[in-house]
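Single-structure report; data block below.
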Amino acid sequence: MVKIAVIGSCSIDLTVEAGKRPAAGETIIGSRLIVSPGGKGANQAVASARLGAQVHMIGCVGDDAYGTMIINNLKTNNVNTGYVSVLPGQNSGTAHITLAEGDNSIIVIKGANDLVMPKHIDTAWNVIAAADLVMLQHEIPLPTIDYIIGKCAAAGISVLLNPAPVQPVPSEWLDKVTYVTPNEHEAEALYPGKTSEEILLMQEERFFMTLGKAGVAYAKNGKVHTVPAFVVNAQDTTGAGDTFNSAFAVARCEGRSLDDSIRFANAAAALSVQKLGAQGGMPYLKDVERMLGECKK
């Protein structure tokens with residue numbers, strides 16, 4: 001069984017559905033409020049576990065009702081929570097999502113996620129060192145991410161960095177990690193002034209650029225390749241990127257080729273957008289295999 005350690009954010013998503021986004025100063029009536037577990041780290045942990053991996057989550061929550069909800073949900077999804085620290089007197093992280101016109105807008109309040117420190121990494125090092133892959137995102141403090149990348153590089157541990165939400169980062173991060181999975185805007189922010197093609201050719205077989213409906217691009221042998229996305233009726237794109245990252249991670253750890261791993265991940269992401277909620281739509285392994293099987297017919 002593939003072993004994955006996810007180090008990152010654990011939050012609660014507060015999603016408001018509406019027919020449109022309100023303009024500045026405007027009040028509108030929404031149609032529904034959905035309260036569900038989220039956070040890019042927890043999302044990726046749940047998605048990886050549903051796809052058959054043995055997953056340890058490393059992160060922090062507050063000692064509030066949201067923190068209890070987060071941990072219980074991880075356990076329900078077969079994610080090991082032994083290294084999710086409950087911080088006294090702190091609020092758990094929240095994401096405030098507006099779902100309208102077929103897409104989402106998100107404001108993140110970090111809460112306890114902003115208190116994930118190197119000491120938490122040291123405490124969990126035994127499971128991190130035993131993992132086939134470590135997954136990182138940008139919703140915990142950058143100095144902690146720097147510590148993780150450096151320590152993993154020194155120990156020869158593979159790391160997938162999903163640089164979202166995008167922030168300026170040291171160039172050595174991108175050289176030390178195994179995989180980087182930005183979208184087009186994140187890639188351009190990481191390499192200002194470079195085109196998508198230039199970026200991919202600079203980082204052959206390491207950068208995997210998600211292009212939404214256009215699929216995923218990467219470079220190999222001096223050429224840019226694009227693996228097309230699956231055409232589906234999207235209901236909610238929240239968590240689709242996290243699903244893609246987890247599915248790609250699981251597939252690569254299983255030894256699938258780059259193209260097969262991306263196709264597997266594209267199928268998982270396509271399934272995820274057909275249901276509401278970041279984690280609510282995340283597919284199980286049998287769902288992805290069924291979809292890929294049907295596409296071969």
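Following the order of the structure tokens, first chain is A, next is B, and so on, with residues numbered from 1 inside each chain and ligands from 1 in the order they appear.
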
Who sits within 9 Å of region 24-39 of chain A, only C-alpha atoms, same chain under 5 positions skipped, as an mmCIF file with N, CA and C atoms, in the first residue's frame:
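Below is the file out28.cif, written as the result:
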```cif
data_model
loop_
_atom_site.group_PDB
_atom_site.id
_atom_site.type_symbol
_atom_site.label_atom_id
_atom_site.label_comp_id
_atom_site.auth_asym_id
_atom_site.auth_seq_id
_atom_site.Cartn_x
_atom_site.Cartn_y
_atom_site.Cartn_z
ATOM 1 N N GLY A 8 -0.075 19.992 6.125
ATOM 2 C CA GLY A 8 -0.762 21.186 5.631
ATOM 3 C C GLY A 8 -1.955 21.582 6.458
ATOM 4 N N SER A 9 -2.862 22.272 5.814
ATOM 5 C CA SER A 9 -3.985 22.909 6.498
ATOM 6 C C SER A 9 -5.157 21.966 6.701
ATOM 7 N N CYS A 10 -5.846 22.170 7.805
ATOM 8 C CA CYS A 10 -7.096 21.476 8.124
ATOM 9 C C CYS A 10 -8.110 22.559 8.494
ATOM 10 N N SER A 11 -9.194 22.642 7.766
ATOM 11 C CA SER A 11 -10.137 23.738 7.973
ATOM 12 C C SER A 11 -11.578 23.276 7.853
ATOM 13 N N ILE A 12 -12.462 24.215 8.083
ATOM 14 C CA ILE A 12 -13.882 24.003 7.806
ATOM 15 C C ILE A 12 -14.278 24.971 6.699
ATOM 16 N N ASP A 13 -14.945 24.445 5.683
ATOM 17 C CA ASP A 13 -15.430 25.266 4.581
ATOM 18 C C ASP A 13 -16.861 25.718 4.854
ATOM 19 N N LEU A 14 -17.090 27.000 4.736
ATOM 20 C CA LEU A 14 -18.426 27.578 4.867
ATOM 21 C C LEU A 14 -18.813 28.088 3.477
ATOM 22 N N THR A 15 -19.610 27.300 2.763
ATOM 23 C CA THR A 15 -19.920 27.573 1.359
ATOM 24 C C THR A 15 -21.310 28.165 1.218
ATOM 25 N N VAL A 16 -21.386 29.298 0.553
ATOM 26 C CA VAL A 16 -22.657 29.943 0.254
ATOM 27 C C VAL A 16 -22.936 29.789 -1.237
ATOM 28 N N GLU A 17 -24.101 29.254 -1.566
ATOM 29 C CA GLU A 17 -24.528 29.166 -2.957
ATOM 30 C C GLU A 17 -25.404 30.371 -3.303
ATOM 31 N N ALA A 18 -25.183 30.936 -4.476
ATOM 32 C CA ALA A 18 -25.990 32.080 -4.922
ATOM 33 C C ALA A 18 -26.045 32.091 -6.439
ATOM 34 N N GLY A 19 -27.025 32.800 -6.959
ATOM 35 C CA GLY A 19 -27.169 32.886 -8.404
ATOM 36 C C GLY A 19 -26.111 33.735 -9.059
ATOM 37 N N GLN A 44 -6.390 16.920 0.537
ATOM 38 C CA GLN A 44 -5.476 16.014 -0.129
ATOM 39 C C GLN A 44 -5.313 14.713 0.648
ATOM 40 N N TYR A 66 -15.163 23.144 15.524
ATOM 41 C CA TYR A 66 -14.671 22.890 14.175
ATOM 42 C C TYR A 66 -13.492 21.913 14.200
ATOM 43 N N MET A 69 -14.770 18.468 14.577
ATOM 44 C CA MET A 69 -15.378 18.051 13.315
ATOM 45 C C MET A 69 -14.310 17.632 12.299
ATOM 46 N N ILE A 70 -13.239 18.400 12.229
ATOM 47 C CA ILE A 70 -12.157 18.112 11.287
ATOM 48 C C ILE A 70 -11.528 16.757 11.582
ATOM 49 N N ASN A 73 -13.828 13.793 10.907
ATOM 50 C CA ASN A 73 -13.991 13.548 9.483
ATOM 51 C C ASN A 73 -12.774 12.839 8.893
ATOM 52 N N LEU A 74 -11.578 13.241 9.317
ATOM 53 C CA LEU A 74 -10.376 12.566 8.840
ATOM 54 C C LEU A 74 -10.395 11.093 9.235
ATOM 55 N N GLY A 93 -8.909 26.707 11.438
ATOM 56 C CA GLY A 93 -8.960 27.457 10.192
ATOM 57 C C GLY A 93 -10.321 27.340 9.523
ATOM 58 N N THR A 94 -10.696 28.377 8.794
ATOM 59 C CA THR A 94 -11.954 28.354 8.043
ATOM 60 C C THR A 94 -11.716 28.905 6.642
ATOM 61 N N ALA A 95 -12.533 28.429 5.696
ATOM 62 C CA ALA A 95 -12.542 28.968 4.331
ATOM 63 C C ALA A 95 -13.962 29.408 4.011
ATOM 64 N N VAL A 108 -9.681 32.677 2.892
ATOM 65 C CA VAL A 108 -9.191 31.732 3.897
ATOM 66 C C VAL A 108 -8.774 32.481 5.157
ATOM 67 N N GLU A 139 -0.714 26.689 2.698
ATOM 68 C CA GLU A 139 -1.631 27.205 3.717
ATOM 69 C C GLU A 139 -1.108 27.023 5.134
ATOM 70 N N GLY A 239 -12.013 21.993 -4.496
ATOM 71 C CA GLY A 239 -11.337 20.747 -4.168
ATOM 72 C C GLY A 239 -10.878 19.939 -5.366
ATOM 73 N N LEU A 276 -21.159 18.593 -4.898
ATOM 74 C CA LEU A 276 -20.875 19.781 -4.102
ATOM 75 C C LEU A 276 -19.910 19.473 -2.964
ATOM 76 N N GLY A 277 -19.096 20.457 -2.611
ATOM 77 C CA GLY A 277 -18.197 20.335 -1.473
ATOM 78 C C GLY A 277 -16.810 19.875 -1.879
ATOM 79 N N ALA A 278 -15.797 20.379 -1.171
ATOM 80 C CA ALA A 278 -14.417 20.015 -1.499
ATOM 81 C C ALA A 278 -14.196 18.519 -1.352
ATOM 82 N N GLN A 279 -14.630 17.967 -0.223
ATOM 83 C CA GLN A 279 -14.411 16.544 0.033
ATOM 84 C C GLN A 279 -15.613 15.692 -0.347
ATOM 85 N N GLY A 280 -16.786 16.294 -0.383
ATOM 86 C CA GLY A 280 -17.993 15.534 -0.672
ATOM 87 C C GLY A 280 -17.960 14.864 -2.028
#
```

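With only C-alpha atoms as the atoms that count, the minimum distance from His120 (chain A) to the choices A:Asn77, A:Thr210, A:Ser158, A:Ser85 is reached by A:Ser85.
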
Which residue, A:Pro168, A:Gly102, A:Gly62, A:Pro22, has the smallest gap to Asp236 (chain A) when you use only C-alpha atoms?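 Selected residue with least distance to Asp236 (chain A): A:Gly102.
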
Go through region 55-244 of chain A and collect every residue that DSSP, computed from the backbone, puts in strand (DSSP E); the answer should be as a ChimeraX atom specification. /A:55-62,79-87,93-100,103-109,133-136,159-161,179-180,209-210,216-220,223-227

Show me, as a PyMOL selection string, the residues that have an atom within 9 Å of Met282 (chain A) when counting only C-alpha atoms, minus same-chain residues fewer than 6 positions from it. chain A and resi 43+46-47+50+239-240+243+268-269+271-273+275

Applying 6 Å and only C-alpha atoms, which residues near Val159 (chain A) remain after dropping the ones on its own chain fewer than 5 positions away? List them as a list in words. Leu133, Val134, Met135, Val177 and Thr178 of chain A

Dump as CSV the rows for residues of region 138-161 of chain A within 10 Å of region 109-119 of chain A: closest atom pair and distance in Å with one decimal, only C-alpha atoms counted, ordered by chain and rising residue number.
```
residue,atom,partner,partner_atom,distance
A:Glu139,CA,A:Asn113,CA,6.9
A:Ile140,CA,A:Asp114,CA,5.3
A:Pro141,CA,A:Asp114,CA,5.7
A:Leu142,CA,A:Asp114,CA,9.4
A:Pro143,CA,A:Met117,CA,8.2
A:Thr144,CA,A:Pro118,CA,5.5
A:Ile145,CA,A:Pro118,CA,8.6
A:Asp146,CA,A:Pro118,CA,9.4
A:Tyr147,CA,A:Pro118,CA,6.6
A:Ile148,CA,A:Pro118,CA,7.6
```

Output C-alpha atoms for every residue in that selection, as a compact mmCIF listing (two decimals), in the first residue's frame.
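Everything below was put into out00.txt:
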```
# COMPACT_ATOMS: atom_id res chain seq x y z
CA GLU A 139 -1.63 27.20 3.72
CA ILE A 140 0.86 26.76 6.56
CA PRO A 141 3.76 29.14 7.41
CA LEU A 142 6.41 29.43 4.70
CA PRO A 143 9.31 29.00 7.19
CA THR A 144 7.82 25.64 8.17
CA ILE A 145 7.53 24.62 4.52
CA ASP A 146 11.17 25.63 4.04
CA TYR A 147 12.13 23.46 7.01
CA ILE A 148 10.20 20.48 5.63
```

Apply DSSP to the structure's backbone, then extract all residues of region 12-252 of chain A labelled helix (DSSP H, G or I) and return them as number ranges by chain. A: 40-50, 65-76, 111-115, 118-123, 125-129, 142-155, 171-176, 184-190, 196-202, 212-214, 240-252

re CA of Thr181 (chain A) and CA of Phe208 (chain A): distance 4.9 Å

Among the residues A:Val6, A:Ala100, A:Ala234, A:Leu51, the one that comes closest to Ala131 (chain A) [using only C-alpha atoms]: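 Residue with the minimum atom-to-atom distance to Ala131 (chain A): A:Val6.
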
So, with only C-alpha atoms as the atoms that count, which of A:Ser246, A:Thr195, A:Asn183, A:Ser257 lies closest to Ser48 (chain A)? A:Ser246

Calculate how many Å separate CA of Gly281 (chain A) from CA of Ile97 (chain A), rounding to one decimal. 15.8 Å

Using only C-alpha atoms, can you tell me which of A:Gln167, A:Thr98, A:Gln54, A:Thr226 comes closest to Leu258 (chain A)?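 Among the listed residues, A:Thr226 lies closest to Leu258 (chain A).
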
Just the residues within 9 Å of Glu186 (chain A), please, counting only C-alpha atoms, with nothing from its chain fewer than 4 positions along; format it as a VMD selection string. chain A and resid 163 to 167 181 to 182 190 to 191 209

Writer output for current selection, N, CA, C and O atoms, as an mmCIF file, in the first residue's frame:
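The file below, part_20.cif, is the result:
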```
data_model
loop_
_atom_site.group_PDB
_atom_site.id
_atom_site.type_symbol
_atom_site.label_atom_id
_atom_site.label_comp_id
_atom_site.auth_asym_id
_atom_site.auth_seq_id
_atom_site.Cartn_x
_atom_site.Cartn_y
_atom_site.Cartn_z
ATOM 1 N N PRO A 163 1.776 24.652 -5.056
ATOM 2 C CA PRO A 163 2.053 26.014 -4.595
ATOM 3 C C PRO A 163 0.815 26.906 -4.595
ATOM 4 O O PRO A 163 0.748 27.919 -5.299
ATOM 5 N N ALA A 164 -0.152 26.530 -3.779
ATOM 6 C CA ALA A 164 -1.411 27.277 -3.714
ATOM 7 C C ALA A 164 -1.837 27.442 -2.251
ATOM 8 O O ALA A 164 -1.704 26.497 -1.474
ATOM 9 N N PRO A 165 -2.350 28.630 -1.881
ATOM 10 C CA PRO A 165 -2.390 29.843 -2.704
ATOM 11 C C PRO A 165 -0.983 30.346 -2.994
ATOM 12 O O PRO A 165 -0.107 30.276 -2.142
ATOM 13 N N VAL A 166 -0.770 30.847 -4.188
ATOM 14 C CA VAL A 166 0.582 31.155 -4.633
ATOM 15 C C VAL A 166 1.182 32.296 -3.823
ATOM 16 O O VAL A 166 0.501 33.276 -3.473
ATOM 17 N N GLN A 167 2.462 32.145 -3.492
ATOM 18 C CA GLN A 167 3.237 33.166 -2.806
ATOM 19 C C GLN A 167 4.654 33.108 -3.362
ATOM 20 O O GLN A 167 5.095 32.051 -3.838
ATOM 21 N N THR A 181 3.073 21.356 -8.794
ATOM 22 C CA THR A 181 1.801 21.260 -9.526
ATOM 23 C C THR A 181 1.037 22.588 -9.503
ATOM 24 O O THR A 181 -0.017 22.705 -8.883
ATOM 25 N N PRO A 182 1.524 23.594 -10.210
ATOM 26 C CA PRO A 182 0.820 24.880 -10.248
ATOM 27 C C PRO A 182 -0.234 24.910 -11.342
ATOM 28 O O PRO A 182 -0.203 24.118 -12.292
ATOM 29 N N LEU A 190 5.450 32.156 -9.948
ATOM 30 C CA LEU A 190 6.699 31.551 -9.503
ATOM 31 C C LEU A 190 7.865 31.947 -10.405
ATOM 32 O O LEU A 190 9.006 32.065 -9.951
ATOM 33 N N TYR A 191 7.575 32.138 -11.691
ATOM 34 C CA TYR A 191 8.596 32.508 -12.666
ATOM 35 C C TYR A 191 8.132 33.740 -13.453
ATOM 36 O O TYR A 191 7.716 33.633 -14.604
ATOM 37 N N MET A 209 1.472 21.470 -15.022
ATOM 38 C CA MET A 209 0.666 22.678 -15.006
ATOM 39 C C MET A 209 -0.787 22.339 -15.339
ATOM 40 O O MET A 209 -1.087 21.867 -16.439
#
```

Report, in Å with one decimal, the straight-line distance from CA of Ala53 (chain A) to CA of Lys286 (chain A).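 Straight-line distance from CA of Ala53 (chain A) to CA of Lys286 (chain A) works out to 13.2 Å.
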
Kindly indicate which residue among A:Ala155, A:Val2, A:Ser171, A:Gly212 lies nearest to His185 (chain A), using only C-alpha atoms for the distances.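 Closest residue, counting only C-alpha atoms: A:Gly212.
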